[in-house]
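Undergrad: Below is the file start-v4.csv, with CSV, C-alpha atoms.
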```
chain,number,residue,atom,x,y,z
H,1,MET,CA,116.6,105.6,123.6
H,2,LYS,CA,113.7,103.8,122.1
H,3,GLN,CA,113.9,103.1,118.4
H,4,GLN,CA,110.6,101.5,117.8
H,5,SER,CA,107.1,103.0,117.6
H,6,LEU,CA,105.1,103.7,120.7
H,7,THR,CA,101.9,101.9,121.5
H,8,LYS,CA,98.9,103.1,119.6
H,9,ASN,CA,96.3,105.1,121.4
H,10,ASN,CA,98.6,105.9,124.4
H,11,LEU,CA,96.7,109.2,124.1
H,12,ALA,CA,93.2,108.4,123.1
H,13,LEU,CA,91.4,110.6,120.6
H,14,THR,CA,87.8,111.7,121.1
H,15,LYS,CA,85.1,111.2,118.5
H,16,ASP,CA,85.2,114.9,117.5
H,17,GLN,CA,89.0,114.8,117.2
H,18,TYR,CA,88.9,111.8,114.9
H,19,LEU,CA,86.4,113.6,112.7
H,20,GLN,CA,88.6,116.7,112.6
H,21,LEU,CA,91.5,114.5,111.5
H,22,TYR,CA,89.4,112.9,108.8
H,23,TYR,CA,88.2,116.3,107.6
H,24,TYR,CA,91.7,117.7,107.3
H,25,MET,CA,93.0,114.6,105.6
H,26,ARG,CA,90.2,114.6,103.0
H,27,LEU,CA,90.6,118.3,102.5
H,28,THR,CA,94.3,117.9,102.0
H,29,ARG,CA,93.8,115.2,99.4
H,30,GLU,CA,91.2,117.2,97.4
H,31,PHE,CA,93.2,120.5,97.6
H,32,GLU,CA,96.2,118.8,96.2
H,33,GLU,CA,94.2,117.1,93.4
H,34,SER,CA,92.9,120.6,92.5
H,35,ILE,CA,96.5,121.9,92.4
H,36,LEU,CA,97.4,119.2,89.9
H,37,LYS,CA,94.4,120.1,87.7
H,38,LEU,CA,95.3,123.8,87.7
H,39,TYR,CA,98.9,123.0,86.9
H,40,ARG,CA,97.8,121.0,83.9
H,41,GLN,CA,95.6,123.8,82.8
H,42,GLY,CA,98.6,126.1,82.8
H,43,LYS,CA,97.3,128.2,85.7
H,44,ILE,CA,100.2,127.3,88.0
H,45,VAL,CA,103.7,128.1,86.8
H,46,GLY,CA,106.8,126.4,88.2
H,47,GLY,CA,106.5,123.4,90.5
H,48,ALA,CA,103.4,121.7,91.9
H,49,TYR,CA,104.0,119.3,94.7
H,50,THR,CA,101.7,116.9,96.4
H,51,GLY,CA,101.8,114.8,99.6
H,52,ASN,CA,99.6,112.0,98.3
H,53,GLY,CA,100.3,109.1,100.8
H,54,ASN,CA,101.5,111.6,103.4
H,55,GLU,CA,98.2,112.9,104.8
H,56,ALA,CA,98.3,111.0,108.1
H,57,THR,CA,101.8,112.2,108.7
H,58,SER,CA,101.2,115.9,108.0
H,59,VAL,CA,97.8,116.1,109.7
H,60,GLY,CA,98.6,113.8,112.7
H,61,SER,CA,101.9,115.5,113.6
H,62,ALA,CA,100.6,119.1,113.4
H,63,PHE,CA,97.5,118.0,115.4
H,64,ALA,CA,99.8,117.3,118.3
H,65,LEU,CA,100.8,120.9,118.6
H,66,GLU,CA,99.3,123.7,120.7
H,67,LYS,CA,98.4,127.1,119.2
H,68,HIS,CA,101.5,128.8,120.7
H,69,ASP,CA,103.9,126.2,119.2
H,70,TYR,CA,105.9,126.8,116.0
H,71,LEU,CA,105.5,124.9,112.7
H,72,PHE,CA,108.1,124.7,109.9
H,73,PRO,CA,106.4,122.5,107.3
H,74,MET,CA,107.8,121.1,104.0
H,75,HIS,CA,106.3,121.0,100.5
H,76,ARG,CA,104.4,117.7,101.2
H,77,ASP,CA,102.9,118.9,104.5
H,78,MET,CA,99.8,120.7,103.2
H,79,GLY,CA,97.7,119.0,105.9
H,80,ALA,CA,99.8,120.7,108.6
H,81,HIS,CA,99.0,124.1,107.2
H,82,LEU,CA,95.3,123.3,107.3
H,83,VAL,CA,95.5,122.0,110.9
H,84,ARG,CA,97.1,125.2,112.0
H,85,GLY,CA,94.2,127.2,110.6
H,86,GLN,CA,95.5,128.4,107.3
H,87,SER,CA,92.6,129.2,104.9
H,88,LEU,CA,92.1,127.6,101.6
H,89,ARG,CA,91.9,131.0,100.0
H,90,ASN,CA,95.4,131.9,101.2
H,91,LEU,CA,96.8,128.6,100.1
H,92,MET,CA,95.2,128.9,96.7
H,93,LEU,CA,96.4,132.5,96.2
H,94,GLN,CA,99.9,131.3,97.1
H,95,HIS,CA,100.0,128.5,94.6
H,96,LEU,CA,98.6,130.7,91.8
H,97,ALA,CA,101.1,133.4,92.7
H,98,ARG,CA,98.6,136.2,93.0
H,99,GLY,CA,99.4,139.7,94.2
H,100,ASN,CA,97.4,139.4,97.3
H,101,SER,CA,99.0,136.1,98.4
H,102,LEU,CA,101.1,135.8,101.5
H,103,SER,CA,104.3,136.1,99.4
H,104,LYS,CA,102.7,138.9,97.3
H,105,GLY,CA,103.0,136.7,94.2
H,106,ARG,CA,106.7,136.2,94.4
H,107,ASP,CA,106.4,132.4,94.8
H,108,GLY,CA,103.9,129.8,93.7
H,109,THR,CA,104.4,127.0,96.3
H,110,GLY,CA,104.6,126.8,100.1
H,111,HIS,CA,107.5,129.2,100.5
H,112,TYR,CA,105.8,131.7,102.8
H,113,ALA,CA,105.5,132.6,106.5
H,114,ASP,CA,102.4,133.5,108.4
H,115,PRO,CA,103.4,134.7,111.9
H,116,THR,CA,99.8,135.0,112.9
H,117,LEU,CA,99.6,131.2,112.8
H,118,LYS,CA,103.2,130.6,113.7
H,119,ILE,CA,103.9,128.9,110.4
H,120,TYR,CA,107.4,129.5,109.0
H,121,GLY,CA,108.9,128.0,105.8
H,122,ASN,CA,109.3,126.1,103.8
H,123,ILE,CA,112.8,126.9,102.6
H,124,SER,CA,113.6,125.5,99.2
H,125,HIS,CA,117.0,124.2,100.2
H,126,LEU,CA,115.2,121.9,102.6
H,127,GLY,CA,118.1,121.0,104.9
H,128,ALA,CA,118.5,124.7,105.7
H,129,MET,CA,115.1,124.8,107.4
H,130,VAL,CA,116.2,122.7,110.3
H,131,PRO,CA,118.8,125.1,111.7
H,132,MET,CA,116.2,127.9,111.4
H,133,ALA,CA,113.8,125.8,113.4
H,134,CYS,CA,116.6,125.0,115.8
H,135,GLY,CA,117.2,128.8,116.3
H,136,VAL,CA,113.5,129.4,117.0
H,137,ALA,CA,113.6,126.6,119.5
H,138,LEU,CA,116.5,128.2,121.3
H,139,ALA,CA,114.8,131.6,121.3
H,140,SER,CA,111.6,130.0,122.7
H,141,LYS,CA,113.6,128.4,125.5
H,142,LEU,CA,115.4,131.6,126.4
H,143,ARG,CA,112.1,133.4,126.5
H,144,LYS,CA,110.6,130.7,128.7
H,145,GLU,CA,107.6,130.4,126.3
H,146,LYS,CA,107.1,126.6,126.9
H,147,ALA,CA,106.6,126.4,123.2
H,148,VAL,CA,107.7,123.5,120.9
H,149,VAL,CA,109.1,123.8,117.4
H,150,MET,CA,108.1,121.1,114.9
H,151,THR,CA,109.8,120.7,111.6
H,152,TYR,CA,110.2,118.1,108.8
H,153,ILE,CA,112.7,116.8,106.4
H,154,GLY,CA,112.6,114.1,103.7
H,155,ASP,CA,114.7,111.0,103.5
H,156,GLY,CA,117.1,112.7,101.1
H,157,GLY,CA,117.3,116.0,103.0
H,158,ALA,CA,118.0,114.1,106.2
H,159,ASN,CA,121.5,113.5,104.8
H,160,VAL,CA,122.4,117.2,104.5
H,161,GLY,CA,125.0,118.5,106.9
H,162,ASP,CA,122.8,121.3,108.2
H,163,VAL,CA,120.4,118.7,109.7
H,164,HIS,CA,123.2,116.9,111.6
H,165,GLU,CA,124.7,120.2,112.9
H,166,SER,CA,121.2,121.3,114.1
H,167,LEU,CA,120.5,118.0,115.9
H,168,ALA,CA,123.9,118.1,117.6
H,169,MET,CA,123.1,121.6,118.9
H,170,ALA,CA,119.5,120.8,119.8
H,171,SER,CA,120.5,117.7,121.7
H,172,VAL,CA,123.3,119.3,123.7
H,173,MET,CA,121.1,122.3,124.6
H,174,ASP,CA,117.9,120.2,125.2
H,175,LEU,CA,116.0,122.4,122.8
H,176,PRO,CA,112.2,121.9,122.4
H,177,LEU,CA,112.5,120.5,118.8
H,178,VAL,CA,110.6,117.7,117.2
H,179,LEU,CA,112.0,116.6,113.8
H,180,ILE,CA,109.8,114.5,111.6
H,181,ILE,CA,111.8,112.6,109.0
H,182,GLU,CA,109.4,111.7,106.1
H,183,ASN,CA,110.8,108.5,104.7
H,184,ASN,CA,108.7,108.4,101.6
H,185,GLN,CA,111.1,105.9,99.9
H,186,TYR,CA,112.6,108.2,97.2
H,187,ALA,CA,114.7,111.4,97.3
H,188,TYR,CA,113.5,112.4,93.9
H,189,SER,CA,114.6,109.3,91.9
H,190,THR,CA,117.1,107.9,94.5
H,191,PRO,CA,115.7,105.0,96.6
H,192,VAL,CA,116.4,105.0,100.4
H,193,ALA,CA,118.6,101.9,100.0
H,194,LYS,CA,121.1,104.0,98.0
H,195,GLN,CA,121.1,106.8,100.5
H,196,ILE,CA,121.9,105.2,103.9
H,197,LYS,CA,123.2,101.9,105.1
H,198,ALA,CA,121.2,101.9,108.3
H,199,LYS,CA,117.8,100.2,108.4
H,200,ARG,CA,116.1,103.2,110.1
H,201,TYR,CA,116.7,106.9,110.1
H,202,SER,CA,115.6,107.0,113.7
H,203,ASP,CA,118.8,105.0,114.6
H,204,ARG,CA,120.6,108.3,114.2
H,205,ALA,CA,119.1,109.5,117.5
H,206,ILE,CA,121.5,107.2,119.4
H,207,GLY,CA,124.4,109.3,118.2
H,208,TYR,CA,122.8,112.4,119.5
H,209,GLY,CA,121.7,110.9,122.8
H,210,ILE,CA,118.1,111.7,122.2
H,211,SER,CA,114.9,109.8,121.6
H,212,GLY,CA,114.1,108.3,118.2
H,213,TYR,CA,111.1,106.4,116.9
H,214,THR,CA,110.1,104.8,113.6
H,215,ILE,CA,106.4,104.8,113.0
H,216,ASP,CA,103.8,103.8,110.3
H,217,GLY,CA,103.3,107.2,108.6
H,218,THR,CA,99.9,106.0,107.2
H,219,ASP,CA,98.4,105.2,110.6
H,220,ILE,CA,96.8,108.3,112.1
H,221,ASP,CA,96.7,106.9,115.6
H,222,GLU,CA,100.4,106.0,115.7
H,223,VAL,CA,101.4,109.3,114.1
H,224,TYR,CA,99.4,111.4,116.6
H,225,SER,CA,100.3,109.4,119.7
H,226,THR,CA,104.0,109.4,119.0
H,227,CYS,CA,104.1,113.1,118.0
H,228,LYS,CA,102.0,114.1,121.0
H,229,GLN,CA,104.3,112.4,123.5
H,230,ALA,CA,107.4,113.9,121.8
H,231,VAL,CA,105.8,117.4,121.9
H,232,GLU,CA,105.0,117.0,125.6
H,233,ARG,CA,108.5,115.7,126.4
H,234,ALA,CA,110.0,118.7,124.6
H,235,ARG,CA,107.7,121.1,126.5
H,236,ARG,CA,108.9,119.6,129.8
H,237,GLY,CA,112.4,120.5,128.8
H,238,GLU,CA,113.5,116.9,128.1
H,239,GLY,CA,115.0,117.8,124.7
H,240,PRO,CA,114.4,117.0,121.0
H,241,THR,CA,113.1,113.9,119.3
H,242,ILE,CA,113.6,112.3,115.9
H,243,ILE,CA,110.5,110.6,114.5
H,244,GLU,CA,110.9,108.7,111.3
H,245,SER,CA,107.5,108.4,109.6
H,246,VAL,CA,107.6,105.7,107.0
H,247,THR,CA,105.3,106.5,104.0
H,248,MET,CA,105.3,106.4,100.3
H,249,ARG,CA,105.3,109.2,97.8
H,250,MET,CA,102.5,108.1,95.5
H,251,HIS,CA,103.2,110.8,92.9
H,252,GLY,CA,106.4,111.9,91.4
H,253,HIS,CA,108.7,114.5,92.9
H,254,SER,CA,106.5,117.2,91.4
H,255,ALA,CA,103.8,117.4,88.8
H,256,HIS,CA,106.3,117.3,85.9
H,257,ASP,CA,107.7,114.0,87.1
H,258,GLY,CA,106.0,110.8,86.0
H,259,ALA,CA,108.0,108.7,88.5
H,260,ASP,CA,108.7,105.9,85.9
H,261,TYR,CA,111.7,104.9,88.1
H,262,VAL,CA,109.4,103.6,90.8
H,263,PRO,CA,108.5,99.9,90.5
H,264,LYS,CA,104.8,99.5,89.7
H,265,ASP,CA,104.4,96.6,92.2
H,266,LEU,CA,105.8,98.9,95.0
H,267,LEU,CA,103.2,101.5,94.3
H,268,GLU,CA,100.4,98.9,94.2
H,269,ALA,CA,101.5,97.6,97.6
H,270,TRP,CA,101.4,101.0,99.1
H,271,LYS,CA,98.0,101.8,97.5
H,272,LYS,CA,96.5,99.3,100.0
H,273,LYS,CA,97.9,101.4,102.8
H,274,ASP,CA,96.4,104.7,101.6
H,275,PRO,CA,96.1,106.8,104.8
H,276,VAL,CA,92.8,108.5,103.7
H,277,MET,CA,91.3,105.1,103.0
H,278,LYS,CA,92.6,103.8,106.3
H,279,ILE,CA,91.1,106.5,108.5
H,280,GLU,CA,87.8,106.3,106.6
H,281,LYS,CA,87.7,102.6,107.3
H,282,LEU,CA,88.8,103.1,110.9
H,283,LEU,CA,86.0,105.6,111.6
H,284,THR,CA,83.4,103.6,109.8
H,285,ASP,CA,84.3,100.5,111.8
H,286,LYS,CA,84.1,102.6,115.0
H,287,ARG,CA,80.7,103.9,113.8
H,288,ILE,CA,82.0,107.4,114.0
H,289,LEU,CA,81.7,108.2,110.3
H,290,THR,CA,78.3,107.5,108.9
H,291,PRO,CA,77.3,107.7,105.2
H,292,THR,CA,75.3,110.9,106.0
H,293,LEU,CA,78.2,112.5,107.8
H,294,LYS,CA,80.6,111.6,105.1
H,295,ALA,CA,78.4,113.2,102.4
H,296,GLU,CA,78.1,116.3,104.5
H,297,TYR,CA,81.9,116.6,104.8
H,298,GLU,CA,82.3,116.0,101.0
H,299,GLN,CA,79.9,118.8,100.3
H,300,LYS,CA,81.6,121.2,102.7
H,301,ILE,CA,85.1,120.3,101.3
H,302,MET,CA,84.1,120.8,97.7
H,303,ALA,CA,82.2,124.1,98.4
H,304,THR,CA,85.1,125.5,100.3
H,305,LEU,CA,87.5,124.4,97.6
H,306,ASP,CA,85.4,125.8,94.8
H,307,ASP,CA,85.3,129.1,96.6
H,308,ALA,CA,89.0,129.2,97.1
H,309,ILE,CA,89.7,128.4,93.4
H,310,GLN,CA,87.3,131.0,92.1
H,311,TYR,CA,88.6,133.7,94.5
H,312,ALA,CA,92.3,133.0,93.5
H,313,VAL,CA,91.7,132.8,89.8
H,314,GLU,CA,89.9,136.1,89.9
H,315,SER,CA,92.6,137.8,92.0
H,316,PRO,CA,95.1,140.0,90.2
H,317,TYR,CA,98.8,139.1,89.6
H,318,PRO,CA,101.3,141.4,91.3
H,319,ARG,CA,102.1,144.7,89.4
H,320,PRO,CA,105.6,144.7,87.7
H,321,GLU,CA,106.7,147.7,89.7
H,322,GLU,CA,106.2,145.8,92.9
H,323,ALA,CA,108.9,143.2,92.0
H,324,ILE,CA,111.6,145.3,93.7
H,325,VAL,CA,109.6,146.0,96.9
H,326,GLY,CA,111.1,144.3,99.9
H,327,VAL,CA,114.3,143.4,98.0
H,328,TYR,CA,116.5,146.4,98.6
H,329,ALA,CA,116.4,148.9,101.5
H,330,ALA,CA,115.3,152.4,100.5
```
Can you give me the file's structure in the form of structure tokens?
TA:
Amino acid sequence: MKQQSLTKNNLALTKDQYLQLYYYMRLTREFEESILKLYRQGKIVGGAYTGNGNEATSVGSAFALEKHDYLFPMHRDMGAHLVRGQSLRNLMLQHLARGNSLSKGRDGTGHYADPTLKIYGNISHLGAMVPMACGVALASKLRKEKAVVMTYIGDGGANVGDVHESLAMASVMDLPLVLIIENNQYAYSTPVAKQIKAKRYSDRAIGYGISGYTIDGTDIDEVYSTCKQAVERARRGEGPTIIESVTMRMHGHSAHDGADYVPKDLLEAWKKKDPVMKIEKLLTDKRILTPTLKAEYEQKIMATLDDAIQYAVESPYPRPEEAIVGVYAA
């Protein structure tokens, strides 16, 4: 078992792929910023979660999948939804809890499923999503689909018993499962140092007899390369992988949380590792992203985002009599 990150660029990305990754990361950042604004305007009720600082992890990991693979994203994995082809309109309808959203207005976050894109979850009790993903991985193996299941858990959720039971089963049965542990330093207000004694979450892979890696979750090359190899290994029938992606949750747990418990100097240090800033610099240095191309992407992103917001705001809320539909059998 290897417990360190793999070499960058083991799987070289093309110019077009780099630009796709950049686009999805920028789109993710702008979408979530708009969600925060709508929340402050009182147009989003309940929780509003962002993955600021997590864009390379969510986008780079999902980019490693094939269309027939399964995705179980968490609340900070908006980029993964976008990579899989989810529309901004659907995502905005979902967050604004409109009647024509994927959950028919019954939820205002990412708790939905879209079988057409093989997106399932997320489940609010986050640890409970891993056994569901494990079950799908088993079904996929029995059907001989050659499909891989990718799911995520945070540093706090990784300590839930459901996660350990799932990994025990997945390892013994060599299930095609890739688990991304998003180590974003805090489980709500509890720092990692007060959660586990080990230095790395990936060390747990040793106990399951599977591969485990710890990577820089702000580095798009490292995220994609490590995830791609784990996906291919799972597809070959070589079992599951744990990938600990080390990032920083730059906002609070949700929009209502000011995160005053996070040391300011820690946030300042991680600001310098901003994944969106890093990929922009990387592509600029490689002469892939020109000022003209950057401006074109920005215009496209804002136009698509404005369209989604307007469409969702003008869409109706669910009718009261529909609240019971789908709850009880007739």
Undergrad: Distance CA of Ile309 in chain H-CA of Lys43 in chain H, one decimal place?
TA: 10.8 Å
Undergrad: Please tabulate, as a tab-separated table, the residues of range 125-154 of chain H that come within 12 Å of range 219-230 of chain H, each with its closest pair of atoms and the distance in Å to one decimal, counting all atoms listed in the file and ordering rows by chain, then residue number upward.
TA:
```
residue	atom	partner	partner_atom	distance
H:Val148	CA	H:Ala230	CA	9.6
H:Val149	CA	H:Ala230	CA	11.0
H:Met150	CA	H:Cys227	CA	9.5
H:Thr151	CA	H:Cys227	CA	11.5
```
Undergrad: Would you mind listing what lies within 12 Å of Lys294 in chain H as a VMD selection string, with only C-alpha atoms counted and same-chain residues fewer than 3 positions away left out?
TA: chain H and resid 19 22 to 23 26 280 to 281 283 to 284 287 to 291 297 to 301
Undergrad: Measure the distance from CA of Thr247 in chain H to CA of Ile215 in chain H in Å and round it to one decimal.
TA: 9.2 Å
Undergrad: If you measure from CA of Val59 in chain H to CA of Asp77 in chain H, what distance in Å do you get, rounded to one decimal?
TA: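 Separation of CA of Val59 in chain H and CA of Asp77 in chain H: 7.8 Å.
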Undergrad: Mind checking which residues fall within 7 Å of Ser254 in chain H, counting only C-alpha atoms, ignoring those fewer than 5 positions away in the same chain, and posting them as a list in words?
TA: Gly47, Ala48, Tyr49 and Thr50 of chain H
Undergrad: Find, counting all atoms listed in the file, the residue in H:Leu82, H:Ala168, H:Ile181, H:Ala97 that gets nearest to Arg200 in chain H.
TA: H:Ile181
Undergrad: Write out as a ChimeraX atom specification the residues lying within 12 Å of Val178 in chain H, counting only C-alpha atoms and excluding same-chain residues fewer than 5 positions away.
TA: /H:61-62,64-65,69-73,130,133-134,137,147-153,166-167,170-171,205,210-213,226-235,238-244
Undergrad: Using all atoms listed in the file, which of H:His68, H:Arg29, H:Lys273, H:Arg40 sits nearest Glu55 in chain H?
TA: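 Result for the nearest residue to Glu55 in chain H: H:Arg29.
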Undergrad: Need the shell around Tyr39 in chain H: protein/DNA/RNA residues with any atom at most 12 Å away, counting all atoms listed in the file. Skip same-chain ones fewer than 2 positions apart. Format as a list in words?
TA: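 Residues near the query, excluding close chain neighbours: Glu32, Glu33, Ser34, Ile35, Leu36, Lys37, Gln41, Gly42, Lys43, Ile44, Val45, Gly46, Gly47, Ala48, Tyr49, Thr50, His95, Leu96, Gly108, Thr109, Ser254, Ala255 and His256 of chain H.
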Undergrad: From the set H:Gly127, H:Glu66, H:Glu30, H:Met25, which residue has the shortest atom-to-atom contact distance to Leu179 in chain H, counting only C-alpha atoms?
TA: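 The closest residue to Leu179 in chain H is H:Gly127.
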Undergrad: Residues around (98.5, 114.3, 105.5), cut-off 9 Å, counting all atoms listed in the file - what are they as a list in words?
TA: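 With a cut-off of 9 Å, the residues come to Tyr24, Met25, Arg26, Thr28, Arg29, Gly51, Asn52, Gly53, Asn54, Glu55, Ala56, Thr57, Ser58, Val59, Gly60, Ser61, Arg76, Asp77, Met78, Gly79, Ala80, Thr218, Pro275 and Val276 of chain H.
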Undergrad: Would you output that residue set with C-alpha atoms, as a PDB file, in the coordinates of the input?
TA:
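Generated output (again.pdb):
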```pdb
ATOM      1  CA  TYR H  24      91.700 117.700 107.300  1.00  0.00           C
ATOM      2  CA  MET H  25      93.000 114.600 105.600  1.00  0.00           C
ATOM      3  CA  ARG H  26      90.200 114.600 103.000  1.00  0.00           C
ATOM      4  CA  THR H  28      94.300 117.900 102.000  1.00  0.00           C
ATOM      5  CA  ARG H  29      93.800 115.200  99.400  1.00  0.00           C
ATOM      6  CA  GLY H  51     101.800 114.800  99.600  1.00  0.00           C
ATOM      7  CA  ASN H  52      99.600 112.000  98.300  1.00  0.00           C
ATOM      8  CA  GLY H  53     100.300 109.100 100.800  1.00  0.00           C
ATOM      9  CA  ASN H  54     101.500 111.600 103.400  1.00  0.00           C
ATOM     10  CA  GLU H  55      98.200 112.900 104.800  1.00  0.00           C
ATOM     11  CA  ALA H  56      98.300 111.000 108.100  1.00  0.00           C
ATOM     12  CA  THR H  57     101.800 112.200 108.700  1.00  0.00           C
ATOM     13  CA  SER H  58     101.200 115.900 108.000  1.00  0.00           C
ATOM     14  CA  VAL H  59      97.800 116.100 109.700  1.00  0.00           C
ATOM     15  CA  GLY H  60      98.600 113.800 112.700  1.00  0.00           C
ATOM     16  CA  SER H  61     101.900 115.500 113.600  1.00  0.00           C
ATOM     17  CA  ARG H  76     104.400 117.700 101.200  1.00  0.00           C
ATOM     18  CA  ASP H  77     102.900 118.900 104.500  1.00  0.00           C
ATOM     19  CA  MET H  78      99.800 120.700 103.200  1.00  0.00           C
ATOM     20  CA  GLY H  79      97.700 119.000 105.900  1.00  0.00           C
ATOM     21  CA  ALA H  80      99.800 120.700 108.600  1.00  0.00           C
ATOM     22  CA  THR H 218      99.900 106.000 107.200  1.00  0.00           C
ATOM     23  CA  PRO H 275      96.100 106.800 104.800  1.00  0.00           C
ATOM     24  CA  VAL H 276      92.800 108.500 103.700  1.00  0.00           C
TER      25      VAL H 276
END
```
Undergrad: When you look at Pro320 in chain H with a cut-off of 12 Å (counting only C-alpha atoms), what residues show up, excluding the ones that are within fewer than 4 positions of it in the same chain? I need them as an MDAnalysis selection string.
TA: chainID H and resid 99 104:106 316 324:325
Undergrad: From the options H:Met132, H:Ile123, H:Ala12, H:Val327, which residue's atoms come nearest to Met169 in chain H, counting only C-alpha atoms?
TA: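 Closest candidate: H:Met132.
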Undergrad: Which is closest to Asn90 in chain H among H:Gly326, H:Ser124, H:Ala312, H:His111, if we use only C-alpha atoms?
TA: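 Between H:Gly326, H:Ser124, H:Ala312, H:His111, the residue approaching Asn90 in chain H most closely is H:Ala312.
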Undergrad: For range 180-205 of chain H in the structure I just supplied, write out C-alpha atoms - as a CSV table (one decimal), in the first residue's frame.
TA:
```csv
chain,number,residue,atom,x,y,z
H,180,ILE,CA,-12.4,10.7,-1.5
H,181,ILE,CA,-11.9,11.9,2.1
H,182,GLU,CA,-12.0,15.7,1.9
H,183,ASN,CA,-9.7,16.8,4.7
H,184,ASN,CA,-10.7,20.4,4.9
H,185,GLN,CA,-9.3,20.9,8.4
H,186,TYR,CA,-12.6,21.3,10.3
H,187,ALA,CA,-15.6,19.2,11.0
H,188,TYR,CA,-17.9,22.1,11.5
H,189,SER,CA,-15.9,23.7,14.4
H,190,THR,CA,-13.7,20.7,15.4
H,191,PRO,CA,-10.2,20.8,14.0
H,192,VAL,CA,-8.7,17.6,12.6
H,193,ALA,CA,-6.1,17.4,15.5
H,194,LYS,CA,-9.0,16.8,17.8
H,195,GLN,CA,-10.6,14.1,15.6
H,196,ILE,CA,-7.9,11.6,14.9
H,197,LYS,CA,-4.4,10.7,16.3
H,198,ALA,CA,-3.0,9.6,13.0
H,199,LYS,CA,-1.2,12.1,10.8
H,200,ARG,CA,-3.1,11.1,7.6
H,201,TYR,CA,-6.5,9.6,7.0
H,202,SER,CA,-5.1,7.6,4.2
H,203,ASP,CA,-3.2,5.5,6.8
H,204,ARG,CA,-6.5,3.8,7.5
H,205,ALA,CA,-6.1,2.0,4.1
```
